file work-v1.txt (compact mmCIF, C-alpha atoms and all ligand atoms)
# COMPACT_ATOMS: atom_id res chain seq x y z
CA MET A 1 13.92 -27.23 -3.66
CA ALA A 2 11.08 -24.81 -3.22
CA VAL A 3 8.88 -26.58 -0.75
CA TYR A 4 8.22 -24.15 2.05
CA THR A 5 5.04 -25.86 3.21
CA ASP A 6 4.88 -29.61 3.57
CA ILE A 7 1.72 -31.62 3.06
CA THR A 8 0.51 -34.96 4.36
CA GLU A 9 -0.99 -37.65 2.17
CA ASP A 10 -4.23 -37.59 4.19
CA ASP A 11 -4.63 -33.82 3.84
CA LEU A 12 -3.84 -34.03 0.15
CA SER A 13 -6.34 -36.82 -0.50
CA ALA A 14 -9.03 -34.83 1.33
CA PHE A 15 -8.14 -31.70 -0.68
CA LEU A 16 -8.41 -33.66 -3.95
CA GLU A 17 -11.95 -34.79 -3.18
CA ALA A 18 -13.13 -31.37 -4.39
CA TYR A 19 -11.62 -32.00 -7.85
CA ASP A 20 -12.49 -34.32 -10.71
CA VAL A 21 -9.00 -35.79 -10.90
CA GLY A 22 -9.47 -39.41 -9.85
CA GLN A 23 -7.45 -41.11 -7.13
CA LEU A 24 -4.02 -39.98 -6.04
CA THR A 25 -1.31 -42.48 -7.02
CA SER A 26 1.85 -40.47 -6.17
CA TYR A 27 3.11 -37.01 -5.35
CA LYS A 28 6.47 -35.34 -4.84
CA GLY A 29 7.85 -31.88 -4.16
CA ILE A 30 9.37 -30.18 -7.22
CA ALA A 31 13.06 -29.38 -6.94
CA GLU A 32 12.85 -26.02 -8.72
CA GLY A 33 11.56 -22.52 -8.24
CA VAL A 34 12.00 -20.13 -5.34
CA GLU A 35 8.62 -18.53 -4.82
CA ASN A 36 5.84 -21.05 -4.23
CA SER A 37 5.64 -24.66 -3.08
CA ASN A 38 5.00 -26.93 -6.05
CA PHE A 39 4.19 -30.63 -6.15
CA LEU A 40 3.88 -32.99 -9.08
CA LEU A 41 0.86 -35.23 -8.63
CA HIS A 42 -0.10 -38.36 -10.49
CA THR A 43 -3.63 -39.59 -10.24
CA THR A 44 -5.66 -42.23 -12.02
CA LYS A 45 -6.62 -39.46 -14.51
CA GLY A 46 -3.20 -37.98 -15.27
CA ALA A 47 -0.48 -35.60 -14.09
CA TYR A 48 -1.12 -32.27 -12.35
CA ILE A 49 0.76 -29.49 -10.61
CA LEU A 50 -0.34 -28.55 -7.12
CA THR A 51 0.77 -25.05 -6.11
CA LEU A 52 0.68 -23.69 -2.57
CA TYR A 53 1.04 -19.92 -2.70
CA GLU A 54 3.71 -18.52 -0.43
CA LYS A 55 5.00 -15.22 0.92
CA ARG A 56 5.21 -12.98 -2.16
CA VAL A 57 1.81 -13.99 -3.43
CA ASN A 58 -1.10 -12.11 -1.96
CA ALA A 59 -4.22 -14.31 -1.85
CA GLY A 60 -6.30 -11.34 -3.06
CA ASP A 61 -4.31 -11.34 -6.33
CA LEU A 62 -4.98 -14.98 -7.16
CA PRO A 63 -8.17 -14.29 -9.18
CA PHE A 64 -6.03 -12.00 -11.38
CA PHE A 65 -3.38 -14.67 -12.02
CA LEU A 66 -5.76 -17.55 -12.52
CA GLY A 67 -8.16 -15.45 -14.63
CA LEU A 68 -5.26 -14.29 -16.80
CA MET A 69 -4.21 -17.88 -17.50
CA HIS A 70 -7.76 -18.58 -18.70
CA HIS A 71 -7.88 -15.38 -20.76
CA LEU A 72 -4.60 -16.19 -22.53
CA THR A 73 -5.55 -19.81 -23.16
CA ASP A 74 -8.85 -18.68 -24.67
CA ARG A 75 -6.81 -16.53 -27.10
CA GLY A 76 -4.61 -19.38 -28.24
CA LEU A 77 -1.58 -18.96 -25.99
CA SER A 78 -0.23 -22.08 -24.40
CA CYS A 79 -0.13 -21.82 -20.62
CA PRO A 80 -1.29 -24.04 -17.79
CA LEU A 81 -4.90 -23.83 -16.66
CA PRO A 82 -6.15 -23.83 -13.09
CA LEU A 83 -8.68 -26.63 -12.58
CA PRO A 84 -12.06 -25.75 -11.12
CA ARG A 85 -13.26 -27.56 -8.02
CA SER A 86 -16.71 -29.14 -7.95
CA ASP A 87 -18.07 -25.93 -6.34
CA GLY A 88 -16.69 -23.88 -9.26
CA GLU A 89 -13.91 -22.24 -7.24
CA LEU A 90 -10.37 -22.20 -8.62
CA LEU A 91 -8.77 -21.93 -5.22
CA GLY A 92 -8.80 -24.16 -2.18
CA GLU A 93 -6.73 -24.37 0.96
CA LEU A 94 -4.15 -26.93 1.96
CA SER A 95 -1.85 -26.94 4.99
CA GLY A 96 -3.02 -23.41 5.77
CA ARG A 97 -2.02 -21.98 2.37
CA PRO A 98 -4.15 -20.96 -0.61
CA ALA A 99 -3.73 -23.79 -3.11
CA ALA A 100 -4.64 -24.54 -6.73
CA MET A 101 -4.50 -27.54 -9.02
CA ILE A 102 -2.90 -26.61 -12.33
CA SER A 103 -2.86 -28.56 -15.57
CA PHE A 104 0.49 -30.14 -16.44
CA LEU A 105 2.26 -28.49 -19.35
CA GLU A 106 4.41 -30.75 -21.53
CA GLY A 107 7.95 -29.63 -22.24
CA MET A 108 11.19 -28.71 -20.53
CA TRP A 109 12.85 -25.43 -19.79
CA LEU A 110 16.17 -24.86 -21.52
CA ARG A 111 19.35 -24.83 -19.45
CA LYS A 112 21.34 -23.43 -22.39
CA PRO A 113 19.06 -21.35 -24.57
CA GLU A 114 20.37 -20.31 -27.99
CA ALA A 115 19.57 -17.30 -30.15
CA LYS A 116 16.80 -19.20 -31.97
CA HIS A 117 15.08 -19.82 -28.63
CA CYS A 118 15.45 -16.16 -27.67
CA ARG A 119 13.64 -15.26 -30.86
CA GLU A 120 10.77 -17.59 -29.91
CA VAL A 121 10.58 -16.08 -26.45
CA GLY A 122 10.51 -12.54 -27.84
CA ARG A 123 7.68 -13.49 -30.13
CA ALA A 124 5.74 -15.26 -27.35
CA LEU A 125 6.17 -12.28 -25.05
CA ALA A 126 4.72 -9.90 -27.64
CA GLU A 127 1.89 -12.37 -28.34
CA MET A 128 1.13 -12.38 -24.64
CA HIS A 129 1.10 -8.57 -24.57
CA VAL A 130 -1.32 -8.47 -27.48
CA ALA A 131 -3.50 -11.34 -26.20
CA SER A 132 -3.86 -9.83 -22.74
CA GLN A 133 -5.48 -6.71 -24.15
CA GLY A 134 -9.09 -6.87 -23.04
CA PHE A 135 -8.34 -8.73 -19.81
CA ASP A 136 -10.41 -6.67 -17.46
CA LEU A 137 -8.81 -7.28 -14.06
CA ARG A 138 -5.94 -5.02 -12.99
CA ARG A 139 -3.00 -5.57 -10.71
CA THR A 140 -0.40 -2.95 -9.84
CA ASN A 141 3.22 -4.07 -10.07
CA ALA A 142 4.23 -4.28 -6.42
CA LEU A 143 7.83 -4.86 -7.53
CA SER A 144 8.18 -1.82 -9.77
CA VAL A 145 10.13 1.28 -8.83
CA GLY A 146 7.90 2.09 -5.82
CA GLY A 147 8.47 -1.37 -4.33
CA TRP A 148 12.26 -1.36 -4.47
CA ARG A 149 13.03 0.97 -1.57
CA PRO A 150 11.01 -1.08 0.98
CA LEU A 151 13.01 -4.15 -0.08
CA TRP A 152 16.27 -2.23 0.10
CA VAL A 153 15.52 -0.80 3.54
CA ASN A 154 15.33 -4.37 4.84
CA SER A 155 18.67 -5.43 3.36
CA GLU A 156 20.74 -2.26 3.20
CA ALA A 157 22.41 -2.53 6.60
CA ARG A 158 23.72 -6.03 5.77
CA ALA A 159 24.49 -5.52 2.08
CA ASP A 160 28.23 -5.16 2.58
CA GLU A 161 28.27 -8.65 4.12
CA VAL A 162 27.66 -9.88 0.56
CA GLN A 163 30.17 -7.57 -1.13
CA THR A 164 32.08 -4.56 0.15
CA GLY A 165 30.78 -1.30 -1.31
CA LEU A 166 27.37 -2.72 -2.20
CA LYS A 167 25.50 -0.45 0.20
CA ASP A 168 26.74 2.75 -1.44
CA GLU A 169 26.50 1.49 -5.01
CA ILE A 170 22.95 0.23 -4.72
CA SER A 171 21.77 3.27 -2.76
CA ALA A 172 23.00 5.50 -5.59
CA GLU A 173 21.50 3.24 -8.25
CA LEU A 174 18.12 3.19 -6.55
CA ALA A 175 18.08 6.97 -6.10
CA HIS A 176 18.93 7.44 -9.79
CA LEU A 177 16.18 5.10 -10.94
CA GLU A 178 13.61 6.64 -8.61
CA SER A 179 14.26 10.09 -10.05
CA HIS A 180 14.54 9.06 -13.72
CA TRP A 181 11.92 6.30 -14.04
CA PRO A 182 9.73 6.90 -17.14
CA LYS A 183 6.43 8.60 -16.38
CA SER A 184 4.49 7.28 -19.34
CA LEU A 185 5.01 4.40 -21.77
CA PRO A 186 2.62 1.96 -23.49
CA ASP A 187 1.30 -0.34 -20.79
CA GLY A 188 -0.72 -3.50 -20.41
CA VAL A 189 -0.52 -6.87 -18.69
CA ILE A 190 3.06 -8.09 -18.39
CA HIS A 191 4.43 -11.45 -17.23
CA ALA A 192 7.21 -9.74 -15.24
CA ASP A 193 9.24 -12.92 -14.58
CA LEU A 194 9.70 -14.61 -17.96
CA PHE A 195 13.01 -16.28 -17.15
CA PRO A 196 14.18 -19.42 -18.99
CA ASP A 197 12.73 -21.62 -16.22
CA ASN A 198 9.29 -20.23 -16.98
CA VAL A 199 9.29 -21.08 -20.69
CA PHE A 200 8.85 -24.66 -21.85
CA PHE A 201 10.09 -26.08 -25.13
CA LEU A 202 9.46 -29.36 -26.90
CA GLY A 203 12.59 -29.68 -29.02
CA ASP A 204 13.14 -26.19 -30.44
CA GLN A 205 9.43 -25.41 -30.39
CA LEU A 206 8.16 -23.21 -27.59
CA SER A 207 5.39 -25.20 -25.90
CA GLY A 208 4.16 -22.74 -23.30
CA LEU A 209 4.69 -20.14 -20.61
CA ILE A 210 4.25 -20.82 -16.90
CA ASP A 211 4.39 -19.02 -13.57
CA PHE A 212 2.18 -15.98 -13.98
CA TYR A 213 2.42 -15.08 -10.29
CA PHE A 214 4.19 -11.77 -10.85
CA ALA A 215 1.96 -10.76 -13.76
CA CYS A 216 0.63 -7.24 -13.41
CA ASN A 217 -0.14 -4.03 -15.28
CA ASP A 218 3.02 -2.13 -16.15
CA TYR A 219 5.04 -0.85 -19.08
CA LEU A 220 5.18 -3.47 -21.83
CA ALA A 221 8.82 -2.63 -22.56
CA TYR A 222 9.69 -3.40 -18.94
CA ASP A 223 8.82 -7.02 -19.74
CA VAL A 224 11.21 -6.89 -22.70
CA ALA A 225 13.88 -5.63 -20.29
CA VAL A 226 13.22 -8.56 -17.92
CA CYS A 227 13.73 -10.96 -20.82
CA LEU A 228 16.91 -9.27 -22.08
CA ASN A 229 18.31 -9.63 -18.58
CA SER A 230 17.33 -13.23 -18.09
CA TRP A 231 17.90 -14.67 -21.60
CA CYS A 232 20.70 -12.70 -23.22
CA PHE A 233 23.60 -12.76 -20.76
CA GLU A 234 26.14 -15.57 -20.64
CA LYS A 235 27.23 -17.29 -17.42
CA ASN A 236 30.43 -15.19 -17.41
CA GLY A 237 28.31 -12.02 -17.21
CA SER A 238 28.81 -10.88 -20.81
CA TYR A 239 25.90 -9.68 -22.91
CA ASN A 240 25.27 -11.79 -26.02
CA ILE A 241 24.13 -9.32 -28.67
CA THR A 242 23.17 -12.12 -31.07
CA LYS A 243 20.67 -13.36 -28.52
CA GLY A 244 19.54 -9.79 -27.84
CA MET A 245 19.00 -9.17 -31.53
CA ALA A 246 17.04 -12.41 -31.85
CA LEU A 247 14.84 -11.68 -28.83
CA LEU A 248 14.09 -8.13 -29.92
CA SER A 249 13.39 -9.03 -33.53
CA GLY A 250 11.13 -11.88 -32.36
CA TYR A 251 9.25 -9.37 -30.22
CA GLU A 252 9.02 -6.80 -32.99
CA SER A 253 7.75 -9.40 -35.47
CA VAL A 254 4.51 -9.17 -33.46
CA ARG A 255 4.60 -5.73 -31.81
CA LYS A 256 6.86 -2.81 -32.76
CA LEU A 257 8.48 -0.89 -29.95
CA THR A 258 7.70 2.83 -30.01
CA ALA A 259 10.45 5.47 -30.12
CA ASP A 260 9.80 6.26 -26.43
CA GLU A 261 10.17 2.61 -25.49
CA VAL A 262 13.40 2.34 -27.43
CA GLU A 263 14.82 5.37 -25.68
CA ALA A 264 13.75 4.10 -22.26
CA LEU A 265 15.10 0.57 -22.75
CA PRO A 266 18.49 1.00 -21.01
CA LEU A 267 16.79 2.50 -17.97
CA LEU A 268 14.13 -0.22 -17.94
CA CYS A 269 16.90 -2.83 -18.12
CA ARG A 270 18.67 -1.20 -15.18
CA GLY A 271 15.42 -1.16 -13.22
CA SER A 272 14.57 -4.73 -13.99
CA ALA A 273 18.11 -5.83 -13.05
CA LEU A 274 17.79 -3.94 -9.77
CA ARG A 275 14.43 -5.59 -9.05
CA PHE A 276 15.92 -9.09 -9.32
CA PHE A 277 19.05 -8.02 -7.47
CA LEU A 278 16.90 -6.75 -4.57
CA THR A 279 14.59 -9.75 -4.26
CA ARG A 280 17.59 -12.09 -4.47
CA LEU A 281 19.52 -10.09 -1.90
CA TYR A 282 16.54 -10.06 0.42
CA ASP A 283 16.17 -13.84 0.11
CA TRP A 284 19.93 -14.32 0.44
CA LEU A 285 19.94 -12.51 3.75
CA MET A 286 16.55 -13.47 5.16
CA THR A 287 15.71 -17.06 4.10
CA PRO A 288 15.77 -19.28 7.19
CA ALA A 289 18.59 -21.84 7.17
CA GLY A 290 16.25 -24.88 7.07
CA ALA A 291 14.15 -23.84 4.02
CA LEU A 292 14.19 -26.29 1.11
CA VAL A 293 15.15 -23.77 -1.55
CA VAL A 294 18.23 -23.06 -3.63
CA LYS A 295 18.86 -19.35 -3.15
CA LYS A 296 19.76 -17.37 -6.28
CA ASP A 297 22.88 -15.23 -6.49
CA PRO A 298 22.16 -11.48 -6.23
CA LEU A 299 25.61 -10.58 -7.58
CA GLU A 300 24.71 -11.98 -11.01
CA TYR A 301 22.36 -9.01 -11.22
CA LEU A 302 24.92 -6.51 -9.96
CA THR A 303 27.00 -7.32 -13.05
CA LYS A 304 23.94 -6.68 -15.22
CA ILE A 305 23.15 -3.37 -13.50
CA ARG A 306 26.70 -2.22 -14.23
CA PHE A 307 26.45 -3.30 -17.85
CA HIS A 308 23.21 -1.35 -18.42
CA ARG A 309 24.59 1.72 -16.68
CA ALA A 310 27.24 1.97 -19.39
CA ILE A 311 24.77 1.68 -22.29
CA VAL A 312 24.44 4.82 -24.41
CA SER A 313 22.04 3.63 -27.11
CA SER A 314 19.50 0.79 -27.28
CA ALA A 315 21.26 -0.28 -30.48
CA GLU A 316 23.83 -1.82 -28.13
CA TYR A 317 21.19 -4.39 -27.18
CA GLY A 318 20.88 -5.44 -30.83
CA LEU A 319 17.84 -3.32 -31.63
CA ARG A 320 17.44 -2.10 -35.22
CA ILE A 321 16.53 1.42 -34.25
CA GLU A 322 15.81 2.80 -37.71
CA GLU A 323 12.88 0.38 -38.05
CA THR A 324 11.03 1.39 -34.90
CA SER A 325 7.87 3.45 -35.17
CA ALA A 326 7.17 6.72 -33.35
N1 LIG B 401 1.93 -26.37 -15.22
C1 LIG B 401 3.12 -26.98 -15.12
N2 LIG B 401 3.39 -28.04 -15.88
C2 LIG B 401 4.56 -28.71 -15.75
N3 LIG B 401 5.53 -28.37 -14.86
C3 LIG B 401 5.32 -27.30 -14.08
C4 LIG B 401 4.11 -26.54 -14.17
N4 LIG B 401 4.18 -25.55 -13.25
C5 LIG B 401 5.36 -25.69 -12.64
N5 LIG B 401 6.05 -26.74 -13.12
C6 LIG B 401 7.36 -27.20 -12.66
O1 LIG B 401 7.63 -26.62 -11.40
C7 LIG B 401 8.81 -25.82 -11.44
C8 LIG B 401 8.62 -24.61 -10.55
O2 LIG B 401 7.47 -23.90 -10.93
P1 LIG B 401 7.39 -22.33 -10.89
O3 LIG B 401 8.40 -21.73 -11.82
O4 LIG B 401 5.97 -21.94 -11.11
O5 LIG B 401 7.78 -22.09 -9.37
P2 LIG B 401 8.15 -20.77 -8.63
O6 LIG B 401 8.54 -21.14 -7.25
O7 LIG B 401 7.01 -19.80 -8.78
O8 LIG B 401 9.43 -20.37 -9.46
P3 LIG B 401 10.20 -19.03 -9.82
O9 LIG B 401 11.46 -19.14 -9.09
O10 LIG B 401 10.41 -19.13 -11.32
O11 LIG B 401 9.33 -17.88 -9.45
C9 LIG B 401 8.97 -25.49 -12.91
O12 LIG B 401 10.31 -25.23 -13.27
C10 LIG B 401 8.47 -26.77 -13.56
O13 LIG B 401 9.48 -27.75 -13.54
N1 LIG B 402 13.10 -15.35 -11.55
C1 LIG B 402 13.47 -14.79 -10.28
C2 LIG B 402 12.84 -15.53 -9.16
C3 LIG B 402 11.39 -15.20 -9.04
O1 LIG B 402 11.25 -13.84 -8.61
C4 LIG B 402 14.99 -14.81 -10.12
O2 LIG B 402 15.66 -15.53 -10.85
O3 LIG B 402 15.50 -14.09 -9.25
call {"tool": "encode", "arguments": {"input": "work-v1.txt", "output": "structure tokens"}}
result
Amino acid sequence: MAVYTDITEDDLSAFLEAYDVGQLTSYKGIAEGVENSNFLLHTTKGAYILTLYEKRVNAGDLPFFLGLMHHLTDRGLSCPLPLPRSDGELLGELSGRPAAMISFLEGMWLRKPEAKHCREVGRALAEMHVASQGFDLRRTNALSVGGWRPLWVNSEARADEVQTGLKDEISAELAHLESHWPKSLPDGVIHADLFPDNVFFLGDQLSGLIDFYFACNDYLAYDVAVCLNSWCFEKNGSYNITKGMALLSGYESVRKLTADEVEALPLLCRGSALRFFLTRLYDWLMTPAGALVVKKDPLEYLTKIRFHRAIVSSAEYGLRIEETSA
């Protein structure tokens, strides 16, 4: 359970006085997620999500995240909205953490997504990329290629505790990516963490995207790579090309990938797999024993890194290369 910071009922009731949400009737910590502390609240006016922002979220970035959610909603995308307080602010403070009240989004995330869902996600991702054009705040991706070495430096010495040989393999992978990372590709606002647990469905219908707390300005195709990694591999580590094809064609039904993006895709997939490997490894080694969080397995992403390293052409992901534009 991701509840790093606990709250008391008295503190919560006092915090809620600044919002037009009625009286608190119940609250509980949410048994999912690894980044922030989330609580489900019921009040006399409805259900809400209370988020306390934790270690990887810089308070200075919160206007970007919360503003983006408003920008996307205004353009017809379904995502939760931060509720304003009576003083107009979107952010308050609770138990010493920056905190926001977020509207409750109906739906469930899919434990076993199928190709048809991957297609929906691809389409929604491209719609987000198009809809975020014109959003005027900027945020650098702190977890792009420049952010990987600082993470690695903190874990490297203990990496072989997780698997023998990891230290050498990841050092070589990181060095390769640092020297080959694309210098210029179409960019814009990306979600950067659009895993299945951040996409809600009602039946087979995608009902919304959540968790914009890694959103940033970066290469649009990097976001596609994040989704290929998180939606198109099976539990046994094999790549499901049917899902890949569905995700990519869903994406391209809204926004065509350029020839440069197509060529860069295997490298972007490697980079995105390394990013999740590194944050998971860091958490695996550093999370204090008592924290209420289910740590995620870094080795799942080692398998993916190895898969991408062997890719010769983006067609192997299920991309119809002849249809891409220059
Ligand atoms: N607006 C919302 N409406 C309904 N449920 C929500 C909402 N926001 C979060 N949740 C619930 O809380 C869970 C955790 O939220 P979230 O994914 O934002 O946490 P996180 O710690 O940032 O997770 P992650 O590990 O994906 O980064 C979600 O899986 C969902 O069940
Ligand atoms: N979605 C990430 C957690 C948030 O960074 C993971 O599965 O590792």
call {"tool": "closest_residue", "arguments": {"input": "work-v1.txt", "among": "A:Pro63, A:Pro196, A:Pro288, A:Gly76", "to": "ligand LIG 401 (chain B)", "atoms": "only C-alpha atoms and all ligand atoms"}}
result
A:Pro196
call {"tool": "residues_near_ligand", "arguments": {"input": "work-v1.txt", "ligand": "ligand LIG 402 (chain B)", "cutoff": "6 Å", "atoms": "all atoms listed in the file", "output": "list in words"}}
result
Asp193, Phe195, Phe276 and Arg280 of chain A
call {"tool": "write_last_selection", "arguments": {"input": "work-v1.txt", "atoms": "C-alpha atoms", "output": "JSON list (two decimals), in the coordinates of the input"}}
result
[["chain", "number", "residue", "atom", "x", "y", "z"],
["A", 193, "ASP", "CA", 9.24, -12.92, -14.58],
["A", 195, "PHE", "CA", 13.01, -16.28, -17.15],
["A", 276, "PHE", "CA", 15.92, -9.09, -9.32],
["A", 280, "ARG", "CA", 17.59, -12.09, -4.47]]
call {"tool": "closest_residue", "arguments": {"input": "work-v1.txt", "among": "A:Ala175, A:Leu194, A:Ile170, A:Val262", "to": "ligand LIG 401 (chain B)", "atoms": "all atoms listed in the file"}}
result
A:Leu194
call {"tool": "atom_distance", "arguments": {"input": "work-v1.txt", "atom1": "atom P2 of ligand LIG 401 (chain B)", "atom2": "CA of Glu35 in chain A"}}
result
4.4 Å
call {"tool": "closest_residue", "arguments": {"input": "work-v1.txt", "among": "A:Ala99, A:Leu248, A:Leu94, A:Leu281", "to": "Ser13 in chain A", "atoms": "all atoms listed in the file"}}
result
A:Leu94
call {"tool": "residues_around", "arguments": {"input": "work-v1.txt", "residues": "Ser78 in chain A", "least_positions_apart": "5", "cutoff": "8 Å", "atoms": "only C-alpha atoms", "output": "VMD selection string"}}
result
chain A and resid 72 to 73 207 to 209
call {"tool": "residues_near_ligand", "arguments": {"input": "work-v1.txt", "ligand": "ligand LIG 401 (chain B)", "cutoff": "8 Å", "atoms": "all atoms listed in the file", "output": "PyMOL selection string"}}
result
chain A and resi 2+30-40+48-49+51+79-81+102-109+193+195+197-198+210-213
call {"tool": "residues_near_point", "arguments": {"input": "work-v1.txt", "point": "(21.2, -14.3, -20.4)", "cutoff": "10 Å", "atoms": "all atoms listed in the file", "output": "PDB file with C-alpha atoms, in the coordinates of the input"}}
result
ATOM      1  CA  LYS A 112      21.340 -23.430 -22.390  1.00  0.00           C
ATOM      2  CA  PRO A 113      19.060 -21.350 -24.570  1.00  0.00           C
ATOM      3  CA  GLU A 114      20.370 -20.310 -27.990  1.00  0.00           C
ATOM      4  CA  CYS A 118      15.450 -16.160 -27.670  1.00  0.00           C
ATOM      5  CA  PHE A 195      13.010 -16.280 -17.150  1.00  0.00           C
ATOM      6  CA  PRO A 196      14.180 -19.420 -18.990  1.00  0.00           C
ATOM      7  CA  CYS A 227      13.730 -10.960 -20.820  1.00  0.00           C
ATOM      8  CA  LEU A 228      16.910  -9.270 -22.080  1.00  0.00           C
ATOM      9  CA  ASN A 229      18.310  -9.630 -18.580  1.00  0.00           C
ATOM     10  CA  SER A 230      17.330 -13.230 -18.090  1.00  0.00           C
ATOM     11  CA  TRP A 231      17.900 -14.670 -21.600  1.00  0.00           C
ATOM     12  CA  CYS A 232      20.700 -12.700 -23.220  1.00  0.00           C
ATOM     13  CA  PHE A 233      23.600 -12.760 -20.760  1.00  0.00           C
ATOM     14  CA  GLU A 234      26.140 -15.570 -20.640  1.00  0.00           C
ATOM     15  CA  LYS A 235      27.230 -17.290 -17.420  1.00  0.00           C
ATOM     16  CA  ASN A 236      30.430 -15.190 -17.410  1.00  0.00           C
ATOM     17  CA  GLY A 237      28.310 -12.020 -17.210  1.00  0.00           C
ATOM     18  CA  SER A 238      28.810 -10.880 -20.810  1.00  0.00           C
ATOM     19  CA  TYR A 239      25.900  -9.680 -22.910  1.00  0.00           C
ATOM     20  CA  ASN A 240      25.270 -11.790 -26.020  1.00  0.00           C
ATOM     21  CA  LYS A 243      20.670 -13.360 -28.520  1.00  0.00           C
ATOM     22  CA  GLY A 244      19.540  -9.790 -27.840  1.00  0.00           C
ATOM     23  CA  LYS A 304      23.940  -6.680 -15.220  1.00  0.00           C
TER      24      LYS A 304
END
call {"tool": "decode", "arguments": {"input": "work-v1.txt", "residues": "range 261-275 of chain A", "atoms": "N, CA, C and O atoms", "output": "short mmCIF file (atom, residue, chain, number, x, y, z; two decimals), in the first residue's frame"}}
result
data_model
loop_
_atom_site.label_atom_id
_atom_site.label_comp_id
_atom_site.auth_asym_id
_atom_site.auth_seq_id
_atom_site.Cartn_x
_atom_site.Cartn_y
_atom_site.Cartn_z
N GLU A 261 11.19 9.16 -35.78
CA GLU A 261 10.65 8.52 -34.57
C GLU A 261 10.64 7.00 -34.74
O GLU A 261 10.98 6.27 -33.80
N VAL A 262 10.26 6.57 -35.92
CA VAL A 262 10.23 5.12 -36.18
C VAL A 262 11.64 4.54 -36.01
O VAL A 262 11.82 3.51 -35.35
N GLU A 263 12.61 5.22 -36.56
CA GLU A 263 13.98 4.71 -36.49
C GLU A 263 14.48 4.69 -35.04
O GLU A 263 15.21 3.79 -34.63
N ALA A 264 14.06 5.69 -34.28
CA ALA A 264 14.56 5.81 -32.89
C ALA A 264 13.82 4.89 -31.92
O ALA A 264 14.26 4.72 -30.77
N LEU A 265 12.71 4.29 -32.35
CA LEU A 265 11.85 3.59 -31.39
C LEU A 265 12.58 2.50 -30.56
O LEU A 265 12.41 2.46 -29.33
N PRO A 266 13.41 1.64 -31.17
CA PRO A 266 14.07 0.63 -30.35
C PRO A 266 14.94 1.24 -29.24
O PRO A 266 14.96 0.76 -28.11
N LEU A 267 15.62 2.33 -29.58
CA LEU A 267 16.47 2.98 -28.58
C LEU A 267 15.61 3.63 -27.48
O LEU A 267 15.93 3.56 -26.29
N LEU A 268 14.50 4.24 -27.91
CA LEU A 268 13.61 4.87 -26.92
C LEU A 268 13.01 3.80 -26.00
O LEU A 268 12.84 4.03 -24.80
N CYS A 269 12.72 2.63 -26.56
CA CYS A 269 12.19 1.53 -25.74
C CYS A 269 13.25 1.06 -24.74
O CYS A 269 12.94 0.78 -23.58
N ARG A 270 14.48 0.96 -25.20
CA ARG A 270 15.57 0.57 -24.29
C ARG A 270 15.69 1.59 -23.16
O ARG A 270 15.83 1.23 -21.99
N GLY A 271 15.66 2.87 -23.55
CA GLY A 271 15.81 3.94 -22.54
C GLY A 271 14.67 3.92 -21.54
O GLY A 271 14.88 4.03 -20.33
N SER A 272 13.47 3.75 -22.06
CA SER A 272 12.32 3.77 -21.14
C SER A 272 12.37 2.55 -20.23
O SER A 272 12.05 2.64 -19.03
N ALA A 273 12.80 1.40 -20.77
CA ALA A 273 12.92 0.21 -19.92
C ALA A 273 14.00 0.43 -18.85
O ALA A 273 13.83 0.03 -17.69
N LEU A 274 15.08 1.09 -19.23
CA LEU A 274 16.13 1.35 -18.24
C LEU A 274 15.63 2.31 -17.15
O LEU A 274 15.92 2.12 -15.97
N ARG A 275 14.84 3.30 -17.56
CA ARG A 275 14.32 4.26 -16.57
C ARG A 275 13.51 3.53 -15.48
O ARG A 275 13.68 3.76 -14.30
#
